[in-house]
Every structure is written in C-alpha cells, then in structure tokens.
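Trainee: Input structure: work.pdb, which contains PDB, C-alpha atoms.
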```pdb
ATOM      1  CA  MET B   1     215.998  38.863 309.389
ATOM      2  CA  LYS B   2     219.033  41.066 309.998
ATOM      3  CA  LYS B   3     218.661  44.756 309.389
ATOM      4  CA  SER B   4     220.759  47.802 308.771
ATOM      5  CA  LYS B   5     219.290  50.979 310.161
ATOM      6  CA  PHE B   6     220.151  54.664 310.356
ATOM      7  CA  VAL B   7     218.195  57.021 312.633
ATOM      8  CA  TYR B   8     218.705  60.782 312.837
ATOM      9  CA  VAL B   9     216.723  63.238 314.949
ATOM     10  CA  THR B  10     216.763  67.000 314.594
ATOM     11  CA  TYR B  11     214.632  69.787 316.073
ATOM     12  CA  ILE B  12     213.705  72.673 313.791
ATOM     13  CA  ARG B  13     212.046  75.952 314.707
ATOM     14  CA  THR B  14     209.182  75.758 312.218
ATOM     15  CA  THR B  15     205.691  74.260 311.896
ATOM     16  CA  PRO B  16     204.785  70.713 310.751
ATOM     17  CA  LYS B  17     203.099  72.184 307.651
ATOM     18  CA  LYS B  18     206.144  74.175 306.608
ATOM     19  CA  LEU B  19     208.414  71.214 307.236
ATOM     20  CA  TRP B  20     206.183  68.949 305.140
ATOM     21  CA  GLN B  21     206.320  71.464 302.338
ATOM     22  CA  ALA B  22     210.110  71.732 302.677
ATOM     23  CA  LEU B  23     210.383  67.939 302.317
ATOM     24  CA  THR B  24     208.079  67.606 299.303
ATOM     25  CA  ASP B  25     208.332  70.784 297.192
ATOM     26  CA  PRO B  26     210.872  70.112 294.380
ATOM     27  CA  GLU B  27     212.017  73.724 294.156
ATOM     28  CA  PHE B  28     212.541  73.971 297.907
ATOM     29  CA  ILE B  29     214.305  70.597 298.092
ATOM     30  CA  ARG B  30     216.784  71.716 295.446
ATOM     31  CA  ARG B  31     218.118  74.384 297.823
ATOM     32  CA  TYR B  32     219.356  71.973 300.523
ATOM     33  CA  PHE B  33     219.587  68.576 298.753
ATOM     34  CA  TYR B  34     222.645  69.163 296.543
ATOM     35  CA  GLY B  35     220.637  70.707 293.726
ATOM     36  CA  THR B  36     218.453  67.623 293.242
ATOM     37  CA  THR B  37     214.687  67.677 292.921
ATOM     38  CA  HIS B  38     212.379  64.971 294.228
ATOM     39  CA  GLU B  39     209.515  64.291 291.875
ATOM     40  CA  SER B  40     206.343  62.606 293.068
ATOM     41  CA  GLU B  41     202.660  63.146 293.626
ATOM     42  CA  TRP B  42     203.301  62.144 297.256
ATOM     43  CA  LYS B  43     200.377  59.732 297.395
ATOM     44  CA  PRO B  44     200.518  56.070 298.424
ATOM     45  CA  GLY B  45     201.443  54.035 295.370
ATOM     46  CA  SER B  46     202.807  56.934 293.347
ATOM     47  CA  SER B  47     206.365  56.778 292.088
ATOM     48  CA  TRP B  48     209.080  59.123 293.284
ATOM     49  CA  LYS B  49     212.542  59.872 292.026
ATOM     50  CA  MET B  50     215.454  62.043 293.014
ATOM     51  CA  VAL B  51     216.849  63.774 289.955
ATOM     52  CA  ALA B  52     220.229  65.512 289.741
ATOM     53  CA  PRO B  53     221.040  68.242 287.188
ATOM     54  CA  GLY B  54     221.326  66.737 283.699
ATOM     55  CA  ALA B  55     218.237  64.554 284.298
ATOM     56  CA  LYS B  56     220.364  62.011 286.142
ATOM     57  CA  VAL B  57     218.191  59.759 288.330
ATOM     58  CA  VAL B  58     220.010  59.252 291.649
ATOM     59  CA  ASP B  59     217.465  57.250 293.656
ATOM     60  CA  ALA B  60     213.955  56.092 292.871
ATOM     61  CA  GLY B  61     211.073  54.112 294.281
ATOM     62  CA  GLU B  62     207.522  54.497 295.424
ATOM     63  CA  VAL B  63     205.498  56.226 298.118
ATOM     64  CA  LEU B  64     204.381  53.642 300.691
ATOM     65  CA  GLU B  65     202.641  55.974 303.117
ATOM     66  CA  ALA B  66     201.801  59.687 303.039
ATOM     67  CA  LYS B  67     200.051  61.430 305.908
ATOM     68  CA  PRO B  68     200.673  65.142 305.531
ATOM     69  CA  PRO B  69     202.031  66.796 307.614
ATOM     70  CA  ARG B  70     203.062  63.900 309.877
ATOM     71  CA  LYS B  71     204.540  60.956 308.083
ATOM     72  CA  LEU B  72     206.044  59.999 304.749
ATOM     73  CA  VAL B  73     207.406  56.534 303.943
ATOM     74  CA  LEU B  74     209.311  55.825 300.738
ATOM     75  CA  LYS B  75     210.581  52.698 299.052
ATOM     76  CA  TRP B  76     214.052  53.783 298.005
ATOM     77  CA  ARG B  77     216.620  52.248 295.659
ATOM     78  CA  ASN B  78     219.876  53.739 294.473
ATOM     79  CA  GLU B  79     220.034  54.105 290.696
ATOM     80  CA  LEU B  80     223.524  55.533 290.340
ATOM     81  CA  LYS B  81     225.992  53.009 291.714
ATOM     82  CA  ARG B  82     225.880  49.382 290.670
ATOM     83  CA  GLU B  83     226.915  48.066 294.077
ATOM     84  CA  LEU B  84     224.186  50.014 295.880
ATOM     85  CA  HIS B  85     221.542  49.325 293.239
ATOM     86  CA  ALA B  86     222.175  45.599 293.632
ATOM     87  CA  GLU B  87     221.026  45.739 297.258
ATOM     88  CA  GLY B  88     217.518  46.536 296.090
ATOM     89  CA  PHE B  89     214.935  48.617 297.936
ATOM     90  CA  SER B  90     215.398  50.265 301.308
ATOM     91  CA  ARG B  91     212.726  52.014 303.364
ATOM     92  CA  MET B  92     212.952  55.673 304.371
ATOM     93  CA  THR B  93     210.598  57.320 306.853
ATOM     94  CA  TYR B  94     210.138  60.975 307.771
ATOM     95  CA  ASP B  95     208.295  61.383 311.097
ATOM     96  CA  ILE B  96     207.206  64.912 311.936
ATOM     97  CA  GLU B  97     205.971  65.855 315.415
ATOM     98  CA  LYS B  98     205.202  69.220 316.955
ATOM     99  CA  GLU B  99     207.298  69.751 320.078
ATOM    100  CA  GLY B 100     206.463  73.001 321.871
ATOM    101  CA  THR B 101     207.820  75.875 319.788
ATOM    102  CA  CYS B 102     209.527  73.628 317.273
ATOM    103  CA  VAL B 103     209.169  70.435 315.272
ATOM    104  CA  LYS B 104     210.956  67.147 315.776
ATOM    105  CA  LEU B 105     211.997  65.456 312.559
ATOM    106  CA  THR B 106     213.104  61.822 312.686
ATOM    107  CA  VAL B 107     214.625  60.244 309.607
ATOM    108  CA  THR B 108     214.791  56.439 309.667
ATOM    109  CA  HIS B 109     216.452  54.702 306.765
ATOM    110  CA  GLU B 110     216.546  50.915 306.890
ATOM    111  CA  MET B 111     217.320  47.872 304.794
ATOM    112  CA  ASN B 112     216.527  44.204 305.332
ATOM    113  CA  ARG B 113     220.120  43.024 305.213
ATOM    114  CA  SER B 114     223.113  43.292 307.522
ATOM    115  CA  ASN B 115     226.034  45.586 306.668
ATOM    116  CA  SER B 116     224.114  47.346 303.907
ATOM    117  CA  LYS B 117     226.375  49.574 301.796
ATOM    118  CA  LEU B 118     223.406  51.786 300.966
ATOM    119  CA  ILE B 119     222.667  52.439 304.644
ATOM    120  CA  GLU B 120     226.354  53.116 305.214
ATOM    121  CA  ALA B 121     226.303  55.649 302.361
ATOM    122  CA  VAL B 122     223.133  57.443 303.516
ATOM    123  CA  SER B 123     224.459  57.563 307.105
ATOM    124  CA  GLY B 124     227.074  60.014 305.854
ATOM    125  CA  GLY B 125     224.678  61.731 303.477
ATOM    126  CA  TRP B 126     221.739  62.622 305.721
ATOM    127  CA  PRO B 127     223.460  64.734 308.443
ATOM    128  CA  PRO B 128     224.670  67.590 306.134
ATOM    129  CA  ILE B 129     221.347  67.575 304.234
ATOM    130  CA  LEU B 130     219.266  67.778 307.426
ATOM    131  CA  ALA B 131     221.593  70.391 308.958
ATOM    132  CA  SER B 132     221.158  72.450 305.797
ATOM    133  CA  LEU B 133     217.364  72.032 305.855
ATOM    134  CA  LYS B 134     217.303  73.278 309.458
ATOM    135  CA  SER B 135     219.462  76.296 308.542
ATOM    136  CA  LEU B 136     217.248  77.077 305.551
ATOM    137  CA  LEU B 137     214.019  76.963 307.580
ATOM    138  CA  GLU B 138     215.430  78.928 310.511
ATOM    139  CA  THR B 139     217.605  81.506 308.738
ATOM    140  CA  GLY B 140     216.375  81.564 305.127
ATOM    141  CA  GLU B 141     219.732  80.266 303.894
ATOM    142  CA  SER B 142     220.862  76.698 303.376
ATOM    143  CA  LEU B 143     224.472  75.593 303.906
ATOM    144  CA  VAL B 144     226.562  76.519 300.840
ATOM    145  CA  GLU B 145     228.077  73.047 300.339
ATOM    146  CA  THR B 146     224.646  71.432 299.954
ATOM    147  CA  ARG B 147     223.310  73.755 297.253
ATOM    148  CA  LYS B 148     224.901  72.133 294.208
ATOM    149  CA  TRP B 149     225.364  68.633 292.906
ATOM    150  CA  PRO B 150     229.028  67.652 293.517
ATOM    151  CA  LYS B 151     231.204  67.707 290.417
ATOM    152  CA  GLY B 152     232.212  64.317 289.063
ATOM    153  CA  LEU B 153     229.390  62.316 290.632
TER     154      LEU B 153
ATOM    155  CA  MET O 154     231.275  35.345 339.257
ATOM    156  CA  THR O 155     231.743  37.899 336.570
ATOM    157  CA  THR O 156     229.102  39.432 334.423
ATOM    158  CA  THR O 157     229.822  41.264 331.247
ATOM    159  CA  THR O 158     227.552  44.012 330.150
ATOM    160  CA  GLU O 159     227.452  44.925 326.531
ATOM    161  CA  THR O 160     228.296  48.568 325.941
ATOM    162  CA  SER O 161     227.448  50.694 322.968
ATOM    163  CA  GLU O 162     228.162  54.106 321.512
ATOM    164  CA  PHE O 163     226.101  56.994 320.218
ATOM    165  CA  ILE O 164     227.384  59.016 317.256
ATOM    166  CA  TYR O 165     225.848  62.210 315.897
ATOM    167  CA  ALA O 166     227.041  64.750 313.370
ATOM    168  CA  THR O 167     225.805  68.210 312.560
ATOM    169  CA  PHE O 168     227.017  71.129 310.469
ATOM    170  CA  ILE O 169     226.837  74.634 311.891
ATOM    171  CA  ARG O 170     227.333  77.940 310.121
ATOM    172  CA  THR O 171     230.036  79.186 312.490
ATOM    173  CA  THR O 172     233.789  79.009 313.099
ATOM    174  CA  PRO O 173     235.550  76.279 315.130
ATOM    175  CA  GLU O 174     236.551  78.989 317.634
ATOM    176  CA  LYS O 175     232.953  80.074 318.285
ATOM    177  CA  LEU O 176     231.735  76.487 318.401
ATOM    178  CA  TRP O 177     234.481  75.599 320.896
ATOM    179  CA  GLU O 178     233.400  78.480 323.108
ATOM    180  CA  ALA O 179     229.756  77.437 322.900
ATOM    181  CA  LEU O 180     230.656  73.863 323.884
ATOM    182  CA  THR O 181     232.893  74.784 326.817
ATOM    183  CA  SER O 182     231.267  77.879 328.342
ATOM    184  CA  GLY O 183     228.602  77.691 331.040
ATOM    185  CA  ASP O 184     226.981  80.943 329.884
ATOM    186  CA  PHE O 185     226.411  79.372 326.494
ATOM    187  CA  SER O 186     225.449  75.876 327.628
ATOM    188  CA  GLU O 187     222.830  77.257 330.007
ATOM    189  CA  LYS O 188     220.972  78.573 326.946
ATOM    190  CA  TYR O 189     220.946  75.450 324.795
ATOM    191  CA  TRP O 190     221.360  72.556 327.281
ATOM    192  CA  PHE O 191     218.114  72.499 329.287
ATOM    193  CA  GLY O 192     219.624  75.127 331.636
ATOM    194  CA  TYR O 193     222.670  73.051 332.593
ATOM    195  CA  ARG O 194     225.970  74.889 333.074
ATOM    196  CA  VAL O 195     229.174  73.194 331.978
ATOM    197  CA  GLU O 196     232.426  74.012 333.703
ATOM    198  CA  PHE O 197     235.583  72.786 332.013
ATOM    199  CA  GLU O 198     239.113  73.067 333.294
ATOM    200  CA  LEU O 199     240.556  72.997 329.807
ATOM    201  CA  LYS O 200     243.675  70.873 330.156
ATOM    202  CA  VAL O 201     244.372  67.158 330.193
ATOM    203  CA  GLY O 202     243.419  65.859 333.645
ATOM    204  CA  GLY O 203     241.318  68.978 334.316
ATOM    205  CA  THR O 204     237.923  68.607 335.971
ATOM    206  CA  VAL O 205     234.585  68.761 334.225
ATOM    207  CA  ARG O 206     231.385  69.656 336.028
ATOM    208  CA  ILE O 207     227.909  69.892 334.628
ATOM    209  CA  HIS O 208     225.655  71.763 337.071
ATOM    210  CA  PRO O 209     221.890  71.297 336.943
ATOM    211  CA  PRO O 210     219.677  74.385 336.769
ATOM    212  CA  LYS O 211     217.887  75.826 339.807
ATOM    213  CA  GLY O 212     215.061  73.633 341.006
ATOM    214  CA  ARG O 213     216.676  70.524 339.566
ATOM    215  CA  GLU O 214     219.620  70.216 341.975
ATOM    216  CA  LYS O 215     218.437  66.751 342.908
ATOM    217  CA  SER O 216     219.600  65.407 339.583
ATOM    218  CA  GLY O 217     223.140  66.138 340.860
ATOM    219  CA  ASP O 218     226.320  67.365 339.253
ATOM    220  CA  LYS O 219     227.916  65.289 336.593
ATOM    221  CA  THR O 220     231.650  65.296 337.074
ATOM    222  CA  GLY O 221     234.442  64.000 334.931
ATOM    223  CA  LYS O 222     237.961  64.561 333.720
ATOM    224  CA  VAL O 223     239.368  65.990 330.529
ATOM    225  CA  LEU O 224     241.182  63.282 328.558
ATOM    226  CA  VAL O 225     242.054  65.160 325.378
ATOM    227  CA  CYS O 226     242.074  68.921 324.905
ATOM    228  CA  GLU O 227     243.067  70.296 321.512
ATOM    229  CA  PRO O 228     241.464  73.756 321.429
ATOM    230  CA  PHE O 229     239.075  74.334 318.497
ATOM    231  CA  ARG O 230     239.596  70.735 317.287
ATOM    232  CA  LYS O 231     238.968  68.021 319.804
ATOM    233  CA  LEU O 232     237.740  67.646 323.360
ATOM    234  CA  GLU O 233     237.317  64.317 325.104
ATOM    235  CA  TYR O 234     236.118  63.864 328.673
ATOM    236  CA  THR O 235     234.785  61.243 331.017
ATOM    237  CA  TRP O 236     231.155  61.535 332.025
ATOM    238  CA  VAL O 237     230.694  60.386 335.604
ATOM    239  CA  GLY O 238     227.295  60.173 337.224
ATOM    240  CA  GLN O 239     224.391  58.440 335.708
ATOM    241  CA  CYS O 240     223.575  59.053 332.127
ATOM    242  CA  SER O 241     220.208  57.498 332.657
ATOM    243  CA  HIS O 242     217.627  58.290 335.293
ATOM    244  CA  ASP O 243     217.803  54.672 336.313
ATOM    245  CA  ALA O 244     219.105  54.177 339.857
ATOM    246  CA  GLY O 245     222.292  52.261 340.406
ATOM    247  CA  ASP O 246     225.253  52.401 338.146
ATOM    248  CA  GLN O 247     226.816  49.092 337.250
ATOM    249  CA  ARG O 248     229.463  50.481 334.953
ATOM    250  CA  LYS O 249     233.082  49.656 335.674
ATOM    251  CA  GLU O 250     234.434  52.600 333.727
ATOM    252  CA  PRO O 251     232.820  55.965 333.090
ATOM    253  CA  SER O 252     231.390  56.701 329.680
ATOM    254  CA  ARG O 253     233.369  59.074 327.469
ATOM    255  CA  VAL O 254     232.237  62.010 325.360
ATOM    256  CA  THR O 255     234.246  63.317 322.395
ATOM    257  CA  TYR O 256     233.590  66.468 320.348
ATOM    258  CA  GLU O 257     235.423  66.706 317.029
ATOM    259  CA  LEU O 258     235.344  70.066 315.261
ATOM    260  CA  THR O 259     236.298  70.304 311.581
ATOM    261  CA  PRO O 260     236.119  73.521 309.559
ATOM    262  CA  MET O 261     234.382  72.991 306.206
ATOM    263  CA  GLY O 262     234.160  76.174 304.190
ATOM    264  CA  ALA O 263     231.629  78.538 305.744
ATOM    265  CA  GLN O 264     230.585  75.999 308.344
ATOM    266  CA  THR O 265     232.013  73.699 310.975
ATOM    267  CA  LYS O 266     231.273  70.020 311.282
ATOM    268  CA  LEU O 267     230.640  68.851 314.819
ATOM    269  CA  ARG O 268     230.909  65.133 315.431
ATOM    270  CA  LEU O 269     229.864  63.784 318.789
ATOM    271  CA  ILE O 270     230.774  60.345 320.065
ATOM    272  CA  HIS O 271     229.442  59.116 323.416
ATOM    273  CA  GLU O 272     230.914  55.692 324.115
ATOM    274  CA  ASN O 273     230.961  52.986 326.747
ATOM    275  CA  LEU O 274     227.229  53.331 327.211
ATOM    276  CA  LEU O 275     225.160  50.776 329.073
ATOM    277  CA  PRO O 276     221.757  49.615 327.860
ATOM    278  CA  SER O 277     220.173  51.728 330.654
ATOM    279  CA  ASP O 278     221.648  54.903 329.105
ATOM    280  CA  VAL O 279     219.534  54.423 326.012
ATOM    281  CA  GLU O 280     215.842  55.290 326.225
ATOM    282  CA  LYS O 281     213.567  53.070 324.154
ATOM    283  CA  ASP O 282     210.730  55.569 324.072
ATOM    284  CA  PRO O 283     211.660  58.156 321.420
ATOM    285  CA  ASN O 284     209.071  60.619 322.754
ATOM    286  CA  LYS O 285     211.188  61.705 325.687
ATOM    287  CA  PHE O 286     214.240  63.823 326.251
ATOM    288  CA  GLN O 287     215.785  61.299 328.645
ATOM    289  CA  GLY O 288     218.378  58.847 327.411
ATOM    290  CA  ILE O 289     221.571  59.641 325.562
ATOM    291  CA  ASN O 290     219.906  58.916 322.214
ATOM    292  CA  ASN O 291     217.120  61.440 322.861
ATOM    293  CA  GLY O 292     219.143  64.038 324.773
ATOM    294  CA  TRP O 293     222.039  64.795 322.427
ATOM    295  CA  PRO O 294     219.996  65.521 319.270
ATOM    296  CA  ALA O 295     217.879  68.025 321.239
ATOM    297  CA  VAL O 296     220.916  69.704 322.827
ATOM    298  CA  LEU O 297     222.894  69.914 319.592
ATOM    299  CA  SER O 298     219.879  71.112 317.548
ATOM    300  CA  SER O 299     219.427  73.883 320.082
ATOM    301  CA  LEU O 300     223.144  74.734 319.958
ATOM    302  CA  LYS O 301     222.980  75.026 316.162
ATOM    303  CA  SER O 302     219.951  77.340 316.382
ATOM    304  CA  LEU O 303     221.701  79.482 319.006
ATOM    305  CA  LEU O 304     224.845  79.927 316.908
ATOM    306  CA  GLU O 305     223.000  80.542 313.634
ATOM    307  CA  THR O 306     220.027  82.619 314.790
ATOM    308  CA  GLY O 307     221.069  83.963 318.204
ATOM    309  CA  GLU O 308     218.263  82.024 319.840
ATOM    310  CA  ALA O 309     218.295  78.528 321.300
ATOM    311  CA  ILE O 310     215.271  76.230 321.144
ATOM    312  CA  ALA O 311     213.001  76.506 324.170
ATOM    313  CA  PHE O 312     212.371  72.872 325.081
ATOM    314  CA  PRO O 313     210.025  71.910 327.846
ATOM    315  CA  ILE O 314     212.250  71.046 330.832
ATOM    316  CA  PRO O 315     212.408  67.260 331.193
ATOM    317  CA  HIS O 316     211.432  65.725 334.514
TER     318      HIS O 316
END
```
Here is the file; what I need is its structure written in the form of structure tokens.
Mentor:
Amino acid sequence: MKKSKFVYVTYIRTTPKKLWQALTDPEFIRRYFYGTTHESEWKPGSSWKMVAPGAKVVDAGEVLEAKPPRKLVLKWRNELKRELHAEGFSRMTYDIEKEGTCVKLTVTHEMNRSNSKLIEAVSGGWPPILASLKSLLETGESLVETRKWPKGL
Amino acid sequence: MTTTTETSEFIYATFIRTTPEKLWEALTSGDFSEKYWFGYRVEFELKVGGTVRIHPPKGREKSGDKTGKVLVCEPFRKLEYTWVGQCSHDAGDQRKEPSRVTYELTPMGAQTKLRLIHENLLPSDVEKDPNKFQGINNGWPAVLSSLKSLLETGEAIAFPIPH
C-alpha cells in the first residue's frame, strides 16, 4: 500500500523524562502548541484529543503505544477540516532517545495513502511547534508565534 | 550504455530566535560553524562564483575538504552553493553533477525561519540507519539543532564526534 510520511528529527538539551513530560502535560503543551491542550491518560487504548481555546476539538484519536519516557504512538484524525477528516486516521510516533548531553526526538507522522493532504498539512505544522518546544526546554521561553491559537481558524 | 540514477532532495525547516543578519553570520563564518558543525570550519567567498570550502577538524583531515562554488548570494536572505566531495562515507562518487545546498532565511516576528534544501542527492547520501550522524538525513538535523541552541543559549550541542 502507498504511504505518505513526514519525518522530523531535532536534538534538545534536556532529559528524556523532561521531554516526555513536555509532550504529555496539557499545561506545558499549551505553551508551544498554539495554545492547545492535549487531553489523554496516555495509556494504550485511552482516547486523546487536541483541544483549542473555545473547546474546539482540532484532532482526536487513541493512544496505540505508550512507553514513558521513550515512545508514544497515537492514532490521529483531523476533526476540523472536512477534507482532512475524510482521509481518516493517521499514525503519529514520538521516539525519544538519550544522545550524550541531549535528547534526540524523532516525530514520524504517516498515513496509508499516497498524497495525503493531512500529511502535507502536518509537514508545515510540525517544524515551528518542535522548534518552539526546543526553545522552551532550553531557554524557558517558547517562540511567540506558537503561543496562541491563530485567529480565524 | 547509460545508467540513470534516481536523485532525491532533503528539506528541513527550523525557527530560531535571532535576526537574519546573525543567522547569516552563523551560517557563513568558520568561527561559528566550528562550534555547531562537529568542528568543521566553513569558508565562503560570498559572491556568485566564489569558492566554498568546508575544512574538517584536527585529527579528521582524512575526511578531506569539501569544496564548491557559490551559485546564489543574497546576503541575509538566500545562499546557494554546490557541495563537491562525497556526501556519504561511501567510496566512489557516481554523480554527474554536484549536489546543491540552499539556505533560505525569512524574518518572522521575533524569530527567523531557516529552510534548508539539499538536492541532487544520490541514494548513497542517505543513511538508512537513523542511529548515526552520517548521511545527509542524519547530519543536517543535528547540525541545525546545534546551531539553534548556539544562537538562542550561547552554547552549541556537544555531539560525540562521528567516525
């Protein structure tokens, strides 16, 4: 089967535990993920959703795999745009590995169809979010543009 | 007999809390690159047709200089150059044309977007094992993560030197 796939690697001066917390704590996530929170119990089988201000559900799905602080796999469907929602569920993986004095984070977002519009959309979305996460963990401040949900979305 | 080899490109984007001027300096100065690029010093003659050299650190001279030419030079906005010498550690280079590297710098409020495009890559430039620093796909994210740390915190990431 044809696939669409986005892979992004970044190195962050932090520990795997702190990075895991940064990826799963709703209040922390809000600071670098455009003001959204991600709600889940982070256990295999539990539901998760990304919620924007005004209780707007942006994406939702289920936890497929959770091995703190090393690996998190989510089933992920867009709930905001009809065209993206129609593509169904994608699969998103966070891989966390200690690498000397820092941590390597690999984000893999894939969909079992060619030319997926969702994968195209997240390919533009992940880099500023992950750059902001790195800034937040290393300097205590996220990137300004990623702190609030964009107006009109 | 002709053989065609399929080429590919590697694209990466990051956002750095800095100005395009400082980012440009960090990308084109050997004193900077030495700190974030596994000890390698870049040397750019910043004009179209100017030479590009990337000198390996002491003790790694065997890996050889990478040399190229500047194709596009728009200070603080765009730099494109050819990357001659092997990208991969694989012996023998079957490429007909050198690969090309482009940096695009775009100011965005308090930060600058850096987009990197490395094109005309051969399959041997891409390392299948993600747990290495070799290969264009593994090398650039490490180098650019370290560059971002250096500009935002004053300290690059200390990676183990790859063999």
Trainee: Kindly indicate which residue among O:Glu250, O:Asp282, O:Glu305, O:Glu196 lies nearest to chain B, using only C-alpha atoms for the distances.
Mentor: O:Glu305
Trainee: Using all atoms listed in the file, I'd like a table of the residues in chain B that come within 12 Å of chain O; for each, show the closest atom pair and its distance in Å rounded to one decimal, ordered by chain and ascending number, as a Markdown table.
Mentor:
```
| residue | atom | partner | partner_atom | distance |
| --- | --- | --- | --- | --- |
| B:Phe6 | CA | O:Ile164 | CA | 10.9 |
| B:Val7 | CA | O:Tyr165 | CA | 9.8 |
| B:Tyr8 | CA | O:Tyr165 | CA | 7.9 |
| B:Val9 | CA | O:Pro294 | CA | 5.9 |
| B:Thr10 | CA | O:Pro294 | CA | 5.9 |
| B:Tyr11 | CA | O:Ser298 | CA | 5.6 |
| B:Ile12 | CA | O:Ser298 | CA | 7.4 |
| B:Arg13 | CA | O:Ile310 | CA | 7.2 |
| B:Thr14 | CA | O:Ile310 | CA | 10.8 |
| B:Asp95 | CA | O:Pro283 | CA | 11.3 |
| B:Ile96 | CA | O:Asn284 | CA | 11.8 |
| B:Glu97 | CA | O:Asn284 | CA | 9.5 |
| B:Lys98 | CA | O:Asn284 | CA | 11.1 |
| B:Glu99 | CA | O:Phe312 | CA | 7.8 |
| B:Gly100 | CA | O:Phe312 | CA | 6.7 |
| B:Thr101 | CA | O:Ala311 | CA | 6.8 |
| B:Cys102 | CA | O:Ile310 | CA | 7.4 |
| B:Val103 | CA | O:Ile310 | CA | 10.3 |
| B:Lys104 | CA | O:Ala295 | CA | 8.9 |
| B:Leu105 | CA | O:Pro294 | CA | 10.4 |
| B:Thr106 | CA | O:Pro283 | CA | 9.6 |
| B:Ser123 | CA | O:Ala166 | CA | 9.9 |
| B:Gly124 | CA | O:Ala166 | CA | 8.9 |
| B:Gly125 | CA | O:Ala166 | CA | 10.6 |
| B:Trp126 | CA | O:Ala166 | CA | 9.5 |
| B:Pro127 | CA | O:Thr167 | CA | 5.9 |
| B:Pro128 | CA | O:Phe168 | CA | 6.1 |
| B:Ile129 | CA | O:Phe168 | CA | 9.1 |
| B:Leu130 | CA | O:Thr167 | CA | 8.3 |
| B:Ala131 | CA | O:Phe168 | CA | 5.7 |
| B:Ser132 | CA | O:Phe168 | CA | 7.6 |
| B:Leu133 | CA | O:Phe168 | CA | 10.7 |
| B:Lys134 | CA | O:Ser302 | CA | 8.5 |
| B:Ser135 | CA | O:Glu305 | CA | 7.5 |
| B:Leu136 | CA | O:Glu305 | CA | 10.5 |
| B:Leu137 | CA | O:Ser302 | CA | 10.6 |
| B:Glu138 | CA | O:Thr306 | CA | 7.3 |
| B:Thr139 | CA | O:Thr306 | CA | 6.6 |
| B:Gly140 | CA | O:Thr306 | CA | 10.4 |
| B:Glu141 | CA | O:Arg170 | CA | 10.1 |
| B:Ser142 | CA | O:Arg170 | CA | 9.4 |
| B:Leu143 | CA | O:Arg170 | CA | 7.2 |
| B:Val144 | CA | O:Ala263 | CA | 7.3 |
| B:Glu145 | CA | O:Gly262 | CA | 7.8 |
| B:Thr146 | CA | O:Phe168 | CA | 10.8 |
```
Trainee: State, in Å with one decimal place, the distance from CA of Pro16 in chain B to CA of Leu269 in chain O.
Mentor: 27.2 Å
Trainee: What is the distance between CA of Glu159 in chain O and CA of Gly203 in chain O, in Å to one decimal?
Mentor: 28.8 Å
Trainee: In terms of the shortest atom-to-atom distance over all atoms listed in the file, which of B:Arg82, B:Arg31, B:His109, B:Arg70 is closest to Arg147 in chain B?
Mentor: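 Selected residue with least distance to Arg147 in chain B: B:Arg31.
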Trainee: May I have the protein, DNA and RNA residues with any atom at most 12 Å from the point (234.9, 79.5, 318.9), counting only C-alpha atoms, written as a tab-separated table (two decimals) with C-alpha atoms, keeping the file's coordinate frame?
Mentor:
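Final output, saved to part31.tsv:
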```tsv
chain	number	residue	atom	x	y	z
O	169	ILE	CA	226.84	74.63	311.89
O	170	ARG	CA	227.33	77.94	310.12
O	171	THR	CA	230.04	79.19	312.49
O	172	THR	CA	233.79	79.01	313.10
O	173	PRO	CA	235.55	76.28	315.13
O	174	GLU	CA	236.55	78.99	317.63
O	175	LYS	CA	232.95	80.07	318.29
O	176	LEU	CA	231.74	76.49	318.40
O	177	TRP	CA	234.48	75.60	320.90
O	178	GLU	CA	233.40	78.48	323.11
O	179	ALA	CA	229.76	77.44	322.90
O	180	LEU	CA	230.66	73.86	323.88
O	181	THR	CA	232.89	74.78	326.82
O	182	SER	CA	231.27	77.88	328.34
O	185	PHE	CA	226.41	79.37	326.49
O	228	PRO	CA	241.46	73.76	321.43
O	229	PHE	CA	239.08	74.33	318.50
O	230	ARG	CA	239.60	70.74	317.29
O	258	LEU	CA	235.34	70.07	315.26
O	259	THR	CA	236.30	70.30	311.58
O	260	PRO	CA	236.12	73.52	309.56
O	264	GLN	CA	230.58	76.00	308.34
O	265	THR	CA	232.01	73.70	310.98
O	304	LEU	CA	224.84	79.93	316.91
```
Trainee: Counting only C-alpha atoms, which of O:Gly307, O:Val201, O:Leu300, O:Arg206 gets nearest to Tyr189 in chain O?
Mentor: O:Leu300
Trainee: With N, CA and C atoms as the goal, would you fill in the gaps in range 296-308 of chain O and present it as a short mmCIF file (atom, residue, chain, number, x, y, z; two decimals), in the frame of the given file?
Mentor:
```cif
data_model
loop_
_atom_site.label_atom_id
_atom_site.label_comp_id
_atom_site.auth_asym_id
_atom_site.auth_seq_id
_atom_site.Cartn_x
_atom_site.Cartn_y
_atom_site.Cartn_z
N VAL O 296 219.91 68.74 322.37
CA VAL O 296 220.92 69.70 322.83
C VAL O 296 221.68 70.29 321.63
N LEU O 297 222.08 69.43 320.71
CA LEU O 297 222.89 69.91 319.59
C LEU O 297 222.05 70.66 318.55
N SER O 298 220.77 70.32 318.42
CA SER O 298 219.88 71.11 317.55
C SER O 298 219.73 72.51 318.10
N SER O 299 219.61 72.59 319.43
CA SER O 299 219.43 73.88 320.08
C SER O 299 220.70 74.72 319.97
N LEU O 300 221.85 74.06 320.11
CA LEU O 300 223.14 74.73 319.96
C LEU O 300 223.29 75.32 318.55
N LYS O 301 222.90 74.54 317.55
CA LYS O 301 222.98 75.03 316.16
C LYS O 301 222.08 76.26 315.97
N SER O 302 220.86 76.19 316.49
CA SER O 302 219.95 77.34 316.38
C SER O 302 220.55 78.57 317.06
N LEU O 303 221.14 78.36 318.25
CA LEU O 303 221.70 79.48 319.01
C LEU O 303 222.82 80.15 318.21
N LEU O 304 223.71 79.35 317.64
CA LEU O 304 224.84 79.93 316.91
C LEU O 304 224.42 80.56 315.59
N GLU O 305 223.39 80.02 314.95
CA GLU O 305 223.00 80.54 313.63
C GLU O 305 221.96 81.65 313.70
N THR O 306 221.12 81.62 314.75
CA THR O 306 220.03 82.62 314.79
C THR O 306 220.10 83.51 316.02
N GLY O 307 220.98 83.19 316.96
CA GLY O 307 221.07 83.96 318.20
C GLY O 307 220.08 83.49 319.25
N GLU O 308 219.28 82.50 318.90
CA GLU O 308 218.26 82.02 319.84
C GLU O 308 218.23 80.50 319.91
#
```
